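Q: What follows is the file entry-v4.pdb, containing PDB, C-alpha atoms:
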```
ATOM      1  CA  MET I   1     -20.301 -26.949   7.300
ATOM      2  CA  SER I   2     -19.897 -24.227   4.681
ATOM      3  CA  GLY I   3     -19.055 -21.742   7.421
ATOM      4  CA  LEU I   4     -16.405 -24.067   8.843
ATOM      5  CA  ARG I   5     -14.871 -24.603   5.403
ATOM      6  CA  ALA I   6     -14.777 -20.862   4.813
ATOM      7  CA  ARG I   7     -12.995 -20.306   8.143
ATOM      8  CA  GLN I   8     -10.511 -23.077   7.388
ATOM      9  CA  LYS I   9      -9.830 -21.623   3.946
ATOM     10  CA  ALA I  10      -9.334 -18.138   5.407
ATOM     11  CA  ASP I  11      -6.970 -19.563   8.041
ATOM     12  CA  ARG I  12      -4.879 -21.356   5.403
ATOM     13  CA  HIS I  13      -4.754 -18.192   3.321
ATOM     14  CA  ARG I  14      -3.633 -16.149   6.344
ATOM     15  CA  ARG I  15      -0.921 -18.664   7.257
ATOM     16  CA  ILE I  16       0.429 -18.702   3.703
ATOM     17  CA  ILE I  17       0.551 -14.900   3.509
ATOM     18  CA  GLU I  18       2.177 -14.514   6.924
ATOM     19  CA  ALA I  19       4.741 -17.243   6.216
ATOM     20  CA  ALA I  20       5.565 -15.787   2.799
ATOM     21  CA  ALA I  21       5.903 -12.241   4.139
ATOM     22  CA  ALA I  22       8.301 -13.406   6.864
ATOM     23  CA  LEU I  23      10.334 -15.518   4.432
ATOM     24  CA  PHE I  24      10.536 -12.770   1.793
ATOM     25  CA  ARG I  25      11.816 -10.383   4.447
ATOM     26  CA  ASP I  26      14.338 -12.854   5.882
ATOM     27  CA  THR I  27      15.754 -14.475   2.741
ATOM     28  CA  GLY I  28      14.702 -12.076  -0.016
ATOM     29  CA  TYR I  29      12.044 -12.592  -2.652
ATOM     30  CA  GLU I  30      14.308 -14.398  -5.122
ATOM     31  CA  GLY I  31      15.719 -16.725  -2.474
ATOM     32  CA  ALA I  32      12.348 -17.792  -1.095
ATOM     33  CA  LYS I  33      11.025 -21.190  -2.203
ATOM     34  CA  ILE I  34       7.392 -22.216  -2.449
ATOM     35  CA  GLU I  35       8.272 -25.424  -0.602
ATOM     36  CA  THR I  36       9.652 -23.447   2.344
ATOM     37  CA  ILE I  37       6.597 -21.202   2.431
ATOM     38  CA  ALA I  38       4.385 -24.300   2.500
ATOM     39  CA  ALA I  39       6.400 -25.867   5.329
ATOM     40  CA  GLN I  40       6.302 -22.731   7.457
ATOM     41  CA  ALA I  41       2.588 -22.245   6.783
ATOM     42  CA  GLU I  42       1.960 -25.924   7.596
ATOM     43  CA  VAL I  43       0.164 -26.567   4.302
ATOM     44  CA  SER I  44       1.027 -28.640   1.254
ATOM     45  CA  VAL I  45       2.689 -27.192  -1.829
ATOM     46  CA  GLY I  46      -0.445 -28.162  -3.722
ATOM     47  CA  THR I  47      -2.561 -26.061  -1.374
ATOM     48  CA  ILE I  48      -0.454 -22.994  -2.172
ATOM     49  CA  TYR I  49      -0.911 -23.571  -5.888
ATOM     50  CA  ASN I  50      -4.657 -23.843  -5.321
ATOM     51  CA  TYR I  51      -4.530 -20.194  -4.226
ATOM     52  CA  TYR I  52      -1.649 -18.747  -6.251
ATOM     53  CA  GLN I  53       0.015 -19.470  -9.566
ATOM     54  CA  ASN I  54       3.480 -18.302  -8.488
ATOM     55  CA  LYS I  55       5.469 -16.263  -5.959
ATOM     56  CA  GLY I  56       4.483 -13.059  -7.717
ATOM     57  CA  ASP I  57       0.829 -13.745  -6.932
ATOM     58  CA  ILE I  58       1.702 -14.268  -3.269
ATOM     59  CA  LEU I  59       3.632 -10.998  -3.217
ATOM     60  CA  GLY I  60       0.631  -9.309  -4.823
ATOM     61  CA  ALA I  61      -1.601 -10.634  -2.043
ATOM     62  CA  ILE I  62       0.761  -9.183   0.576
ATOM     63  CA  VAL I  63       0.745  -5.790  -1.174
ATOM     64  CA  SER I  64      -3.063  -5.919  -1.322
ATOM     65  CA  MET I  65      -3.259  -6.695   2.397
ATOM     66  CA  GLU I  66      -0.902  -3.794   3.149
ATOM     67  CA  VAL I  67      -2.807  -1.260   1.056
ATOM     68  CA  ASN I  68      -6.266  -2.394   2.158
ATOM     69  CA  GLU I  69      -5.273  -1.987   5.808
ATOM     70  CA  VAL I  70      -4.160   1.614   5.259
ATOM     71  CA  LEU I  71      -7.286   2.342   3.231
ATOM     72  CA  ASN I  72      -9.398   1.105   6.139
ATOM     73  CA  ALA I  73      -7.439   3.299   8.555
ATOM     74  CA  GLY I  74      -7.686   6.260   6.189
ATOM     75  CA  ARG I  75     -11.480   6.185   6.131
ATOM     76  CA  GLY I  76     -11.551   7.583   9.640
ATOM     77  CA  VAL I  77      -9.429  10.558   8.588
ATOM     78  CA  VAL I  78     -11.703  11.279   5.623
ATOM     79  CA  ALA I  79     -14.794  11.105   7.840
ATOM     80  CA  ASN I  80     -13.336  13.292  10.615
ATOM     81  CA  PRO I  81     -10.321  15.213   9.305
ATOM     82  CA  PRO I  82      -8.177  17.560  11.418
ATOM     83  CA  ALA I  83      -9.342  21.173  11.180
ATOM     84  CA  ASN I  84      -6.284  22.220   9.195
ATOM     85  CA  VAL I  85      -5.568  21.335   5.569
ATOM     86  CA  GLY I  86      -1.891  20.598   6.106
ATOM     87  CA  ASP I  87      -2.580  18.454   9.165
ATOM     88  CA  ALA I  88      -5.346  16.569   7.348
ATOM     89  CA  LEU I  89      -3.112  15.670   4.403
ATOM     90  CA  ASP I  90      -0.202  14.849   6.702
ATOM     91  CA  THR I  91      -2.371  12.558   8.828
ATOM     92  CA  LEU I  92      -3.698  10.599   5.850
ATOM     93  CA  LEU I  93      -0.386  10.341   4.009
ATOM     94  CA  GLY I  94       1.299   9.520   7.307
ATOM     95  CA  ILE I  95      -0.924   6.450   7.666
ATOM     96  CA  TYR I  96       0.179   5.279   4.224
ATOM     97  CA  ILE I  97       3.878   5.885   4.858
ATOM     98  CA  GLU I  98       4.151   4.684   8.456
ATOM     99  CA  HIS I  99       2.447   1.371   7.592
ATOM    100  CA  SER I 100       4.388   0.805   4.359
ATOM    101  CA  LEU I 101       7.045  -1.450   5.892
ATOM    102  CA  HIS I 102       4.723  -3.357   8.226
ATOM    103  CA  TYR I 103       4.438  -6.408   5.970
ATOM    104  CA  LEU I 104       6.828  -5.560   3.139
ATOM    105  CA  SER I 105      10.530  -4.815   3.161
ATOM    106  CA  LYS I 106      12.028  -2.319   0.747
ATOM    107  CA  GLU I 107      13.318  -5.241  -1.344
ATOM    108  CA  MET I 108       9.781  -6.623  -1.548
ATOM    109  CA  TRP I 109       8.443  -3.225  -2.639
ATOM    110  CA  ARG I 110      11.140  -3.011  -5.315
ATOM    111  CA  GLN I 111      10.165  -6.441  -6.591
ATOM    112  CA  ALA I 112       6.472  -5.550  -6.622
ATOM    113  CA  MET I 113       7.149  -2.325  -8.502
ATOM    114  CA  ALA I 114       9.318  -4.176 -11.019
ATOM    115  CA  ILE I 115       6.642  -6.797 -11.710
ATOM    116  CA  SER I 116       3.914  -4.170 -12.104
ATOM    117  CA  THR I 117       6.118  -2.201 -14.513
ATOM    118  CA  GLN I 118       7.295  -5.174 -16.566
ATOM    119  CA  LEU I 119       3.889  -6.888 -16.686
ATOM    120  CA  PRO I 120       1.303  -4.089 -16.493
ATOM    121  CA  ASP I 121      -1.437  -6.177 -18.123
ATOM    122  CA  SER I 122      -0.914  -9.222 -15.886
ATOM    123  CA  PRO I 123      -3.320  -9.871 -12.989
ATOM    124  CA  PHE I 124      -0.582  -8.603 -10.644
ATOM    125  CA  GLY I 125      -0.017  -5.446 -12.704
ATOM    126  CA  GLN I 126      -3.717  -4.699 -12.943
ATOM    127  CA  ALA I 127      -4.231  -5.276  -9.208
ATOM    128  CA  TYR I 128      -1.275  -3.011  -8.362
ATOM    129  CA  THR I 129      -2.682  -0.249 -10.555
ATOM    130  CA  ALA I 130      -6.107  -0.656  -8.944
ATOM    131  CA  LEU I 131      -4.575  -0.237  -5.482
ATOM    132  CA  ASP I 132      -2.839   2.962  -6.581
ATOM    133  CA  ARG I 133      -6.156   4.235  -7.887
ATOM    134  CA  ALA I 134      -7.864   3.402  -4.591
ATOM    135  CA  LEU I 135      -5.275   5.436  -2.679
ATOM    136  CA  THR I 136      -5.685   8.318  -5.133
ATOM    137  CA  GLU I 137      -9.448   8.173  -4.725
ATOM    138  CA  GLN I 138      -9.166   8.277  -0.935
ATOM    139  CA  ILE I 139      -6.980  11.395  -1.125
ATOM    140  CA  ARG I 140      -9.509  12.924  -3.507
ATOM    141  CA  ALA I 141     -12.290  12.044  -1.031
ATOM    142  CA  LEU I 142     -10.394  13.816   1.745
ATOM    143  CA  ILE I 143     -10.021  16.917  -0.409
ATOM    144  CA  ALA I 144     -13.743  16.836  -1.212
ATOM    145  CA  ARG I 145     -14.494  16.571   2.505
ATOM    146  CA  LEU I 146     -12.221  19.535   3.234
ATOM    147  CA  GLN I 147     -14.015  21.526   0.529
ATOM    148  CA  THR I 148     -17.379  20.640   2.050
ATOM    149  CA  ILE I 149     -16.390  21.907   5.503
ATOM    150  CA  GLY I 150     -14.882  25.071   4.044
ATOM    151  CA  LEU I 151     -11.154  24.430   4.477
ATOM    152  CA  VAL I 152     -10.222  24.035   0.796
ATOM    153  CA  ARG I 153     -11.278  26.390  -1.981
ATOM    154  CA  ARG I 154     -14.322  25.102  -3.829
ATOM    155  CA  ASP I 155     -12.977  26.233  -7.200
ATOM    156  CA  ILE I 156     -10.112  23.728  -6.927
ATOM    157  CA  ASP I 157     -10.330  20.630  -9.160
ATOM    158  CA  GLY I 158     -10.394  17.990  -6.426
ATOM    159  CA  GLN I 159      -9.807  15.098  -8.801
ATOM    160  CA  ALA I 160      -6.688  16.678 -10.282
ATOM    161  CA  LEU I 161      -5.472  17.726  -6.843
ATOM    162  CA  GLY I 162      -5.888  14.194  -5.488
ATOM    163  CA  GLU I 163      -3.887  12.821  -8.395
ATOM    164  CA  LEU I 164      -1.193  15.447  -7.859
ATOM    165  CA  VAL I 165      -0.838  14.687  -4.149
ATOM    166  CA  PHE I 166      -0.720  10.927  -4.729
ATOM    167  CA  ASN I 167       1.683  11.112  -7.661
ATOM    168  CA  ASN I 168       4.093  13.293  -5.715
ATOM    169  CA  MET I 169       3.948  11.026  -2.664
ATOM    170  CA  ASN I 170       4.334   7.932  -4.838
ATOM    171  CA  MET I 171       7.379   9.332  -6.639
ATOM    172  CA  MET I 172       9.028  10.149  -3.320
ATOM    173  CA  PHE I 173       8.125   6.699  -1.950
ATOM    174  CA  ILE I 174       9.781   5.056  -4.972
ATOM    175  CA  GLU I 175      12.953   7.012  -4.247
ATOM    176  CA  PHE I 176      12.656   5.979  -0.593
ATOM    177  CA  VAL I 177      12.509   2.247  -1.337
ATOM    178  CA  LYS I 178      15.459   2.514  -3.735
ATOM    179  CA  ARG I 179      17.772   3.364  -0.836
ATOM    180  CA  ASP I 180      18.018   0.921   2.056
ATOM    181  CA  GLY I 181      19.426   3.640   4.303
ATOM    182  CA  ALA I 182      16.544   6.061   3.758
ATOM    183  CA  ARG I 183      14.368   6.598   6.831
ATOM    184  CA  ILE I 184      10.607   6.995   7.088
ATOM    185  CA  ALA I 185      11.029  10.176   9.141
ATOM    186  CA  GLU I 186      13.082  11.720   6.333
ATOM    187  CA  LEU I 187      10.446  10.766   3.768
ATOM    188  CA  ARG I 188       7.636  12.291   5.808
ATOM    189  CA  THR I 189       9.615  15.503   6.310
ATOM    190  CA  ALA I 190      10.226  15.790   2.566
ATOM    191  CA  ILE I 191       6.547  15.192   1.758
ATOM    192  CA  ARG I 192       5.470  17.825   4.309
ATOM    193  CA  ARG I 193       7.911  20.340   2.874
ATOM    194  CA  GLN I 194       6.516  19.974  -0.641
ATOM    195  CA  ASN I 195       2.900  19.835   0.498
ATOM    196  CA  ARG I 196       3.255  23.141   2.375
ATOM    197  CA  ILE I 197       3.509  24.915  -0.976
ATOM    198  CA  LEU I 198       0.369  23.153  -2.180
ATOM    199  CA  VAL I 199      -1.568  23.842   0.999
ATOM    200  CA  ALA I 200      -0.794  27.554   0.783
ATOM    201  CA  ALA I 201      -2.383  27.602  -2.678
ATOM    202  CA  ILE I 202      -5.567  25.672  -1.894
ATOM    203  CA  ALA I 203      -6.486  26.577   1.698
ATOM    204  CA  VAL I 204      -9.295  29.039   2.341
TER     205      VAL I 204
END
```
Using structure tokens, write down the structure that the file contains.

A:
Amino acid sequence: MSGLRARQKADRHRRIIEAAAALFRDTGYEGAKIETIAAQAEVSVGTIYNYYQNKGDILGAIVSMEVNEVLNAGRGVVANPPANVGDALDTLLGIYIEHSLHYLSKEMWRQAMAISTQLPDSPFGQAYTALDRALTEQIRALIARLQTIGLVRRDIDGQALGELVFNNMNMMFIEFVKRDGARIAELRTAIRRQNRILVAAIAV
């Protein structure tokens, strides 16, 4: 019975997240109502509040799902990176960027960034920061792997380099979500252009 209850709970959670993501994209975060999310997920309003305190918590769960999926995909790149530093970084960062609008619209990203900035010590803010740290750590792990196989200089501070690569990508992503007309291809080109300078300095 416990296994059945766990599956039912996971199914309700999935339906809520999928319904909320679709509604946020279609009507905007501010326009979405908990009651509508519940109706589309085929659960009661009370069930939603059993999982989440407010819409911000639901948005946080969607962001977490987004980031955890790219982290899972990125593990394969870290384990078996391309045999070129620039290609390795581009492949990993490309996973992050290409998947960024799979569940979230730019408006949803703007809302998530605003909440994390305005309420950094809230559960949402802390979770958002933890996700950023996980992405930074995965980039650092890739750099460490590239050092191990002799593609990146061993005298490079991998931790600092990972932070630098993430911070630069994150800044450019923030600018990307500010502008509805900005395209993913343009963002990736800009990131590659800046990373070429970095790669020239760190590659063996």

Q: Which residues, written as a list in words, have at least one atom at most 10 Å from I:Pro81, with all atoms listed in the file counted and residues fewer than 3 positions away on the same chain left out?

A: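 Answer for this query is Gly74, Arg75, Gly76, Val77, Val78, Asn84, Val85, Asp87, Ala88, Leu89, Thr91, Leu92, Leu142, Ile143, Arg145, Leu146 and Ile149 of chain I.
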
Q: Please write as JSON, numbers by chain the full residue list that the PyMOL selection byres ((chain I and resi 10-25) around 10) yields on this file.

A: {"I": [4, 5, 6, 7, 8, 9, 26, 27, 28, 29, 30, 31, 32, 33, 34, 36, 37, 38, 39, 40, 41, 42, 43, 47, 48, 51, 55, 58, 59, 61, 62, 63, 65, 102, 103, 104, 105, 106, 107, 108]}

Q: I'd like to know which of I:Ile97, I:Ala160, I:Ala112, I:Ala73 is closest to I:Thr189, using all atoms listed in the file.

A: I:Ile97

Q: What lies within 8 Å of stretch 128-136 of chain I using only C-alpha atoms, ignoring chain neighbours under 3 positions off, as a list in words?

A: Gly60, Val63, Ser64, Val67, Leu71, Ser116, Phe124, Gly125, Ile139, Arg140, Gly162, Glu163 and Phe166 of chain I

Q: Quote the spacing between atom CA of I:Ala114 and atom CA of I:Asn54 in Å to one decimal place.

A: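 Straight-line distance from atom CA of I:Ala114 to atom CA of I:Asn54 works out to 15.5 Å.
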
Q: So the first atom is atom CA of I:Arg188 and the second is atom CA of I:Trp109; what is the distance between them in Å, to one decimal place?

A: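 It comes out at 17.7 Å.
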
Q: Rank I:Leu93, I:Leu198, I:Ala83, I:Val204 by their smallest atom-to-atom distance to I:Asn170, using all atoms listed in the file, and report the top residue only.

A: I:Leu93

Q: Out of I:Leu164, I:Ala201, I:Ala190, I:Met171, which residue has the shortest atom-to-atom distance to I:Asp90 when counting only C-alpha atoms?

A: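 Smallest distance to I:Asp90 is found for I:Ala190.
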
Q: State, in Å with one decimal place, the distance from atom CA of I:Gly56 to atom CA of I:Ile115.

A: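 A separation of 7.7 Å between them.
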
Q: Report, as JSON, the centre and edge lengths in Å (one decimal) of the axis-aligned box enclosing every listed atom of stretch 130-147 of chain I, padded by 4 Å on each side.

A:
```
{"center_x": -8.7, "center_y": 10.4, "center_z": -2.9, "size_x": 19.7, "size_y": 30.2, "size_z": 20.2}
```

Q: Which residue gives the smallest distance to I:Phe176 among I:Leu101, I:Ser122, I:Gly86, I:Arg153, with only C-alpha atoms counted?

A: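 Answer, going by the shortest atom-to-atom distance: I:Leu101.
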
Q: Of the candidates I:Met113, I:Ala141, I:Ala127, I:Ile191, which one gets nearest to I:Val177 if we count all atoms listed in the file?

A: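 Going through I:Met113, I:Ala141, I:Ala127, I:Ile191 one by one, the smallest distance to I:Val177 is for I:Met113.
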
Q: Fewer than 5 positions away in the same chain doesn't count, so skip those; otherwise give me all residues within 10 Å of I:Gln194, counting all atoms listed in the file, as a PDB file with C-alpha atoms, in the coordinates of the input.

A:
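Saved file around-v1.pdb follows:
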```
ATOM      1  CA  VAL I 165      -0.838  14.687  -4.149  1.00  0.00           C
ATOM      2  CA  ASN I 168       4.093  13.293  -5.715  1.00  0.00           C
ATOM      3  CA  MET I 169       3.948  11.026  -2.664  1.00  0.00           C
ATOM      4  CA  THR I 189       9.615  15.503   6.310  1.00  0.00           C
ATOM      5  CA  VAL I 199      -1.568  23.842   0.999  1.00  0.00           C
TER       6      VAL I 199
END
```

Q: Pick the closest to I:Val152 from I:Ala203, I:Leu187, I:Ile197, I:Ala182: which is it, counting only C-alpha atoms?

A: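 Checking each of I:Ala203, I:Leu187, I:Ile197, I:Ala182 against I:Val152, counting only C-alpha atoms, the winner is I:Ala203.
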